[in-house]
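Enquirer: My structure file structure35.tsv, TSV, C-alpha atoms, is below:
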chain	number	residue	atom	x	y	z
A	1	MET	CA	70.09	-82.92	26.98
A	2	LYS	CA	70.73	-79.17	26.87
A	3	ALA	CA	73.34	-77.91	29.34
A	4	SER	CA	70.91	-75.37	30.83
A	5	ARG	CA	68.32	-78.09	31.47
A	6	LYS	CA	70.98	-80.29	33.09
A	7	TRP	CA	72.00	-77.37	35.31
A	8	ILE	CA	68.39	-76.80	36.42
A	9	ILE	CA	67.73	-80.53	37.08
A	10	GLN	CA	71.01	-80.87	38.99
A	11	ARG	CA	70.27	-77.89	41.25
A	12	ALA	CA	66.58	-78.75	41.70
A	13	SER	CA	67.40	-82.36	42.63
A	14	ALA	CA	70.04	-81.09	45.09
A	15	LEU	CA	67.54	-78.78	46.78
A	16	LEU	CA	64.90	-81.53	46.98
A	17	MET	CA	67.44	-83.90	48.51
A	18	ILE	CA	68.42	-81.58	51.38
A	19	PRO	CA	65.52	-82.44	53.75
A	20	LEU	CA	65.28	-86.09	52.64
A	21	MET	CA	68.99	-86.81	52.89
A	22	GLY	CA	69.16	-84.99	56.24
A	23	TRP	CA	66.31	-87.19	57.52
A	24	PHE	CA	67.97	-90.33	56.15
A	25	VAL	CA	71.48	-89.61	57.49
A	26	ILE	CA	70.12	-88.90	61.00
A	27	ASN	CA	68.13	-92.16	60.91
A	28	LEU	CA	71.12	-94.02	59.46
A	29	ILE	CA	73.25	-92.82	62.40
A	30	SER	CA	70.48	-93.99	64.70
A	31	ILE	CA	70.08	-97.55	63.31
A	32	TYR	CA	73.29	-98.50	61.46
A	33	ASP	CA	74.55	-100.78	64.26
A	34	LYS	CA	71.18	-102.18	65.26
A	35	GLY	CA	69.96	-105.72	64.74
A	36	TYR	CA	67.95	-107.16	61.85
A	37	PHE	CA	64.49	-106.61	63.36
A	38	GLU	CA	65.09	-102.99	64.40
A	39	VAL	CA	66.40	-102.07	60.93
A	40	MET	CA	63.52	-103.97	59.28
A	41	ASP	CA	61.11	-102.08	61.50
A	42	PHE	CA	62.49	-98.77	60.19
A	43	PHE	CA	62.32	-99.73	56.51
A	44	SER	CA	58.92	-101.45	56.86
A	45	SER	CA	56.99	-98.32	57.79
A	46	ASP	CA	55.03	-96.62	55.01
A	47	LYS	CA	56.58	-93.25	55.91
A	48	SER	CA	60.10	-94.64	55.42
A	49	LYS	CA	59.19	-96.44	52.18
A	50	ILE	CA	57.71	-93.31	50.56
A	51	ARG	CA	60.58	-91.06	51.68
A	52	MET	CA	63.18	-93.62	50.57
A	53	LEU	CA	61.45	-94.00	47.18
A	54	ILE	CA	61.62	-90.25	46.54
A	55	LEU	CA	65.16	-89.99	47.94
A	56	ILE	CA	66.50	-92.85	45.79
A	57	LEU	CA	64.88	-91.57	42.59
A	58	ILE	CA	66.11	-88.00	43.08
A	59	SER	CA	69.58	-88.98	44.29
A	60	PHE	CA	70.23	-91.25	41.29
A	61	VAL	CA	69.15	-88.49	38.87
A	62	HIS	CA	71.62	-86.19	40.68
A	63	ILE	CA	74.36	-88.87	40.65
A	64	VAL	CA	74.03	-89.65	36.91
A	65	ILE	CA	74.20	-85.98	35.89
A	66	GLY	CA	77.06	-85.30	38.33
A	67	LEU	CA	79.16	-88.26	37.20
A	68	LYS	CA	78.71	-87.35	33.53
A	69	GLU	CA	79.95	-83.82	34.31
A	70	ILE	CA	83.08	-85.36	35.86
A	71	TYR	CA	83.62	-87.59	32.78
A	72	GLU	CA	83.23	-84.51	30.57
A	73	ASP	CA	85.93	-82.66	32.52
A	74	TYR	CA	88.45	-85.43	33.08
A	75	ILE	CA	88.15	-88.04	30.30
A	76	GLN	CA	89.61	-86.94	26.99
A	77	ASN	CA	89.09	-90.12	24.97
A	78	GLU	CA	85.58	-89.92	23.46
A	79	LYS	CA	85.15	-93.70	23.31
A	80	ILE	CA	85.99	-94.18	27.00
A	81	LYS	CA	83.82	-91.18	27.90
A	82	ASN	CA	80.80	-92.56	26.00
A	83	THR	CA	81.28	-96.04	27.48
A	84	ALA	CA	81.49	-94.61	31.00
A	85	SER	CA	78.33	-92.53	30.34
A	86	ASN	CA	76.44	-95.55	29.02
A	87	ILE	CA	77.44	-97.72	31.99
A	88	THR	CA	76.38	-94.90	34.34
A	89	ASN	CA	72.99	-94.65	32.57
A	90	VAL	CA	72.37	-98.39	32.91
A	91	LEU	CA	73.44	-98.54	36.57
A	92	GLY	CA	71.53	-95.31	37.27
A	93	ILE	CA	68.32	-97.12	36.26
A	94	THR	CA	68.94	-100.69	37.47
A	95	ILE	CA	70.27	-99.95	40.99
A	96	PRO	CA	67.34	-97.70	42.04
A	97	ALA	CA	64.86	-100.10	40.36
A	98	ILE	CA	66.22	-103.05	42.39
A	99	ILE	CA	66.32	-101.09	45.66
A	100	ILE	CA	62.78	-99.75	45.19
A	101	PHE	CA	61.54	-103.28	44.42
A	102	ILE	CA	63.25	-104.52	47.61
A	103	LEU	CA	61.92	-101.65	49.72
A	104	PHE	CA	58.33	-102.37	48.72
A	105	ASN	CA	58.74	-106.10	49.30
A	106	ILE	CA	60.24	-106.09	52.78
A	107	ASN	CA	57.86	-106.29	55.68
A	108	LEU	CA	58.21	-107.43	59.23
B	1	MET	CA	92.92	-91.78	18.43
B	2	ASN	CA	89.51	-90.41	19.08
B	3	ASP	CA	90.68	-87.82	21.60
B	4	SER	CA	89.05	-84.43	21.71
B	5	LYS	CA	91.36	-81.43	21.23
B	6	ASN	CA	89.48	-79.61	23.98
B	7	PRO	CA	91.53	-78.93	27.11
B	8	LEU	CA	90.62	-80.85	30.25
B	9	SER	CA	89.70	-79.03	33.40
B	10	PRO	CA	90.54	-78.32	36.11
B	11	HIS	CA	94.31	-78.67	35.81
B	12	LEU	CA	94.98	-79.78	39.36
B	13	GLN	CA	98.77	-79.73	38.99
B	14	ILE	CA	98.88	-76.20	37.58
B	15	TYR	CA	96.55	-74.31	39.93
B	16	ARG	CA	98.07	-72.73	43.02
B	17	TRP	CA	96.21	-74.19	45.98
B	18	GLN	CA	93.73	-71.81	47.58
B	19	ILE	CA	90.53	-72.25	49.53
B	20	SER	CA	88.22	-71.89	46.50
B	21	SER	CA	90.00	-74.58	44.49
B	22	LEU	CA	90.16	-76.81	47.56
B	23	ILE	CA	86.38	-76.52	48.10
B	24	SER	CA	85.67	-77.07	44.40
B	25	ILE	CA	87.84	-80.21	44.18
B	26	PHE	CA	86.51	-81.58	47.46
B	27	HIS	CA	82.95	-80.98	46.23
B	28	ARG	CA	83.63	-83.57	43.53
B	29	ILE	CA	85.59	-85.90	45.80
B	30	THR	CA	82.77	-85.88	48.38
B	31	GLY	CA	80.30	-86.46	45.54
B	32	ILE	CA	82.19	-89.64	44.61
B	33	ILE	CA	82.37	-90.69	48.30
B	34	ASN	CA	78.59	-90.14	48.57
B	35	VAL	CA	78.00	-92.38	45.53
B	36	MET	CA	80.16	-95.15	47.04
B	37	GLY	CA	78.46	-94.71	50.42
B	38	LEU	CA	75.01	-94.87	48.85
B	39	ILE	CA	75.97	-98.07	47.01
B	40	ILE	CA	77.05	-99.67	50.32
B	41	ILE	CA	73.74	-98.52	51.85
B	42	CYS	CA	71.88	-100.06	48.87
B	43	LEU	CA	73.78	-103.30	49.54
B	44	TRP	CA	72.75	-103.05	53.22
B	45	ILE	CA	69.07	-102.73	52.20
B	46	GLY	CA	69.51	-105.56	49.68
B	47	LEU	CA	70.94	-107.94	52.31
B	48	LEU	CA	68.02	-107.07	54.57
B	49	PHE	CA	65.73	-108.47	51.87
B	50	PHE	CA	67.55	-111.83	51.84
B	51	GLY	CA	66.94	-112.46	55.54
B	52	GLU	CA	68.60	-112.30	58.91
B	53	SER	CA	71.62	-114.49	58.11
B	54	SER	CA	72.49	-112.40	55.01
B	55	TYR	CA	72.01	-109.19	56.98
B	56	GLU	CA	74.50	-110.42	59.59
B	57	LEU	CA	77.26	-110.34	56.92
B	58	ILE	CA	77.08	-106.55	56.69
B	59	ASN	CA	76.02	-106.02	60.29
B	60	ILE	CA	79.42	-107.36	61.42
B	61	PHE	CA	81.03	-104.51	59.45
B	62	PHE	CA	78.61	-101.86	60.73
B	63	GLN	CA	79.09	-102.94	64.35
B	64	SER	CA	82.87	-102.72	64.03
B	65	TYR	CA	85.11	-99.66	64.44
B	66	PHE	CA	85.29	-99.40	60.61
B	67	GLY	CA	81.49	-99.28	60.44
B	68	LYS	CA	81.41	-96.30	62.78
B	69	VAL	CA	84.15	-94.56	60.76
B	70	PHE	CA	82.18	-95.27	57.55
B	71	ILE	CA	78.97	-93.75	58.95
B	72	MET	CA	80.81	-90.70	60.35
B	73	GLY	CA	82.68	-90.29	57.05
B	74	PHE	CA	79.46	-90.56	55.05
B	75	ALA	CA	77.75	-87.98	57.31
B	76	TRP	CA	80.71	-85.58	56.91
B	77	SER	CA	80.93	-86.17	53.15
B	78	TYR	CA	77.19	-85.47	52.80
B	79	SER	CA	77.49	-82.33	54.98
B	80	PHE	CA	80.46	-81.01	53.00
B	81	HIS	CA	78.81	-81.72	49.63
B	82	LEU	CA	75.60	-80.04	50.80
B	83	LEU	CA	77.29	-76.86	52.08
B	84	SER	CA	79.73	-76.56	49.17
B	85	GLY	CA	76.79	-77.16	46.79
B	86	ILE	CA	74.90	-74.24	48.37
B	87	ARG	CA	78.09	-72.14	48.06
B	88	HIS	CA	78.36	-73.08	44.36
B	89	LEU	CA	74.70	-72.19	43.81
B	90	ILE	CA	75.23	-68.74	45.37
B	91	LEU	CA	78.32	-68.24	43.14
B	92	ASP	CA	76.29	-69.40	40.09
B	93	LEU	CA	73.74	-66.70	40.91
B	94	GLY	CA	76.55	-64.13	40.71
B	95	TYR	CA	77.15	-63.40	44.41
B	96	GLY	CA	80.19	-63.78	46.65
B	97	TYR	CA	83.01	-63.43	44.13
B	98	GLU	CA	85.10	-60.96	46.18
B	99	ILE	CA	88.29	-62.70	47.38
B	100	LYS	CA	87.51	-61.97	51.04
B	101	ILE	CA	83.95	-63.34	50.68
B	102	THR	CA	85.08	-66.50	48.82
B	103	ASN	CA	87.63	-67.20	51.56
B	104	ILE	CA	85.05	-66.68	54.32
B	105	SER	CA	82.43	-68.83	52.54
B	106	GLY	CA	85.06	-71.54	52.02
B	107	ILE	CA	85.90	-71.57	55.73
B	108	ILE	CA	82.16	-71.68	56.54
B	109	VAL	CA	81.87	-74.81	54.35
B	110	ILE	CA	84.80	-76.56	56.10
B	111	VAL	CA	83.84	-75.63	59.68
B	112	GLY	CA	80.10	-75.95	58.97
B	113	SER	CA	80.49	-79.48	57.55
B	114	LEU	CA	82.23	-80.62	60.73
B	115	ALA	CA	79.62	-78.90	62.92
B	116	LEU	CA	76.75	-80.39	60.90
B	117	THR	CA	78.29	-83.87	61.18
B	118	VAL	CA	78.55	-83.56	64.96
B	119	LEU	CA	74.98	-82.19	65.15
B	120	MET	CA	73.54	-85.05	63.06
B	121	TRP	CA	75.52	-87.56	65.10
B	122	LEU	CA	74.19	-86.15	68.40
B	123	ILE	CA	70.59	-86.10	67.09
B	124	GLY	CA	70.90	-89.57	65.53
B	125	ARG	CA	72.31	-91.14	68.70
B	126	GLY	CA	69.64	-89.41	70.80
B	127	LEU	CA	72.18	-87.35	72.74
B	128	ILE	CA	70.30	-84.07	72.18
I'd like the structure from this file rewritten - as structure tokens, please.
Expert:
Amino acid sequence: MKASRKWIIQRASALLMIPLMGWFVINLISIYDKGYFEVMDFFSSDKSKIRMLILILISFVHIVIGLKEIYEDYIQNEKIKNTASNITNVLGITIPAIIIFILFNINL
Amino acid sequence: MNDSKNPLSPHLQIYRWQISSLISIFHRITGIINVMGLIIICLWIGLLFFGESSYELINIFFQSYFGKVFIMGFAWSYSFHLLSGIRHLILDLGYGYEIKITNISGIIVIVGSLALTVLMWLIGRGLI
């Protein structure tokens, strides 16, 4: 991917995450110590599911690009750098896929 | 060896510490903390899926002192990363390079991240 495109995607994803992450962190503070049914109630609502879907997709795009930038700056060995990038790509797809599957299959 | 001849950056041991380098390095550190925090939150959601008894495993942590510290730390890390990211974006657009302005914007990031954490905590706990 071209560096300029990466820059645009990284900044655009960051801007899109501001309201969603703000909403999530405030709700996280509100429910983190609550019981099973109260937390389920939060994640079971359609509003939460849609917002979490968008947040997870955007945040993992942001994470994958950001981590690769760090590898580029700090890892000198090309083989290690490529391996780290490949692992990040795989985890950057599988983790959000699993969480989205879970989110849309939990209901009170 | 397959090592690139390109220099690595930034050379943390060589730079003289100043507010701009501190903000820049902490932007990356908080990015890593956010990734780790998000993975724990993904685990939290995952355990929810497996039922009440599985959820209790992580709920013990979240109800403890360490759970509170984790949530506060995650909120601060997010706040810092957000504000320093906005600062970086403004710098990328070519503004705020004067030494006085970079120092002021750096202080705004540090103080603002603490203020934003407190604000989110008060809203989240229903105290305001």
Enquirer: Could you make a table, as a Markdown table, of the residues of chain A that have an atom within 10 Å of an atom of chain B, each with its nearest atom pair and distance in Å to one decimal, counting all atoms listed in the file, in chain and number order?
Expert:
| residue | atom | partner | partner_atom | distance |
| --- | --- | --- | --- | --- |
| A:Arg11 | CA | B:Leu89 | CA | 7.7 |
| A:Ala14 | CA | B:Gly85 | CA | 8.0 |
| A:Leu15 | CA | B:Ile86 | CA | 8.8 |
| A:Met17 | CA | B:Leu82 | CA | 9.3 |
| A:Ile18 | CA | B:Leu82 | CA | 7.4 |
| A:Met21 | CA | B:Tyr78 | CA | 8.3 |
| A:Gly22 | CA | B:Met120 | CA | 8.1 |
| A:Trp23 | CA | B:Met120 | CA | 9.4 |
| A:Phe24 | CA | B:Gly124 | CA | 9.9 |
| A:Val25 | CA | B:Ala75 | CA | 6.5 |
| A:Ile26 | CA | B:Gly124 | CA | 4.6 |
| A:Asn27 | CA | B:Gly124 | CA | 6.0 |
| A:Leu28 | CA | B:Gly124 | CA | 7.5 |
| A:Ile29 | CA | B:Gly124 | CA | 5.1 |
| A:Ser30 | CA | B:Gly124 | CA | 4.5 |
| A:Ile31 | CA | B:Gly124 | CA | 8.3 |
| A:Tyr32 | CA | B:Phe62 | CA | 6.3 |
| A:Asp33 | CA | B:Gln63 | CA | 5.0 |
| A:Lys34 | CA | B:Asn59 | CA | 7.9 |
| A:Gly35 | CA | B:Asn59 | CA | 7.5 |
| A:Tyr36 | CA | B:Glu52 | CA | 6.0 |
| A:Phe37 | CA | B:Glu52 | CA | 8.3 |
| A:Val39 | CA | B:Leu48 | CA | 8.3 |
| A:Met40 | CA | B:Leu48 | CA | 7.2 |
| A:Phe43 | CA | B:Ile45 | CA | 8.6 |
| A:Ile56 | CA | B:Leu38 | CA | 9.3 |
| A:Ser59 | CA | B:Val35 | CA | 9.2 |
| A:Phe60 | CA | B:Val35 | CA | 8.9 |
| A:His62 | CA | B:Gly31 | CA | 10.0 |
| A:Ile63 | CA | B:Val35 | CA | 7.0 |
| A:Val64 | CA | B:Val35 | CA | 9.9 |
| A:Gly66 | CA | B:Gly31 | CA | 8.0 |
| A:Leu67 | CA | B:Ile32 | CA | 8.1 |
| A:Glu69 | CA | B:Arg28 | CA | 9.9 |
| A:Ile70 | CA | B:Arg28 | CA | 7.9 |
| A:Glu72 | CA | B:Leu8 | CA | 8.3 |
| A:Asp73 | CA | B:Ser9 | CA | 5.3 |
| A:Tyr74 | CA | B:Leu8 | CA | 5.8 |
| A:Ile75 | CA | B:Leu8 | CA | 7.6 |
| A:Gln76 | CA | B:Asp3 | CA | 5.6 |
| A:Asn77 | CA | B:Asp3 | CA | 4.4 |
| A:Glu78 | CA | B:Asp3 | CA | 5.8 |
| A:Lys79 | CA | B:Asn2 | CA | 6.9 |
| A:Ile80 | CA | B:Asn2 | CA | 9.5 |
| A:Lys81 | CA | B:Asp3 | CA | 9.9 |
| A:Ile95 | CA | B:Cys42 | CA | 8.0 |
| A:Pro96 | CA | B:Cys42 | CA | 8.5 |
| A:Ile98 | CA | B:Gly46 | CA | 8.4 |
| A:Ile99 | CA | B:Cys42 | CA | 6.5 |
| A:Ile100 | CA | B:Cys42 | CA | 9.8 |
| A:Phe101 | CA | B:Gly46 | CA | 9.8 |
| A:Ile102 | CA | B:Phe49 | CA | 6.3 |
| A:Leu103 | CA | B:Ile45 | CA | 7.6 |
| A:Asn105 | CA | B:Phe49 | CA | 7.8 |
| A:Ile106 | CA | B:Phe49 | CA | 6.1 |
| A:Asn107 | CA | B:Phe49 | CA | 9.0 |
Enquirer: By how many Å are atom CA of B:Ile25 and atom CA of B:Ser84 apart?
Expert: 10.2 Å
Enquirer: Figure out the distance between atom CA of A:Leu57 and atom CA of B:Val118, please, to one decimal in Å.
Expert: 27.4 Å
Enquirer: For atom CA of A:Thr83 and atom CA of A:Ser13, quote the distance in Å rounded to one decimal.
Expert: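 Spanning atom CA of A:Thr83 to atom CA of A:Ser13 is a straight-line distance of 24.7 Å.
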Enquirer: Quick one: of B:Leu83, B:Ile107, B:Ile101, B:Leu127, who's nearest to B:His27, counting all atoms listed in the file?
Expert: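 Answer, going by the shortest atom-to-atom distance: B:Leu83.
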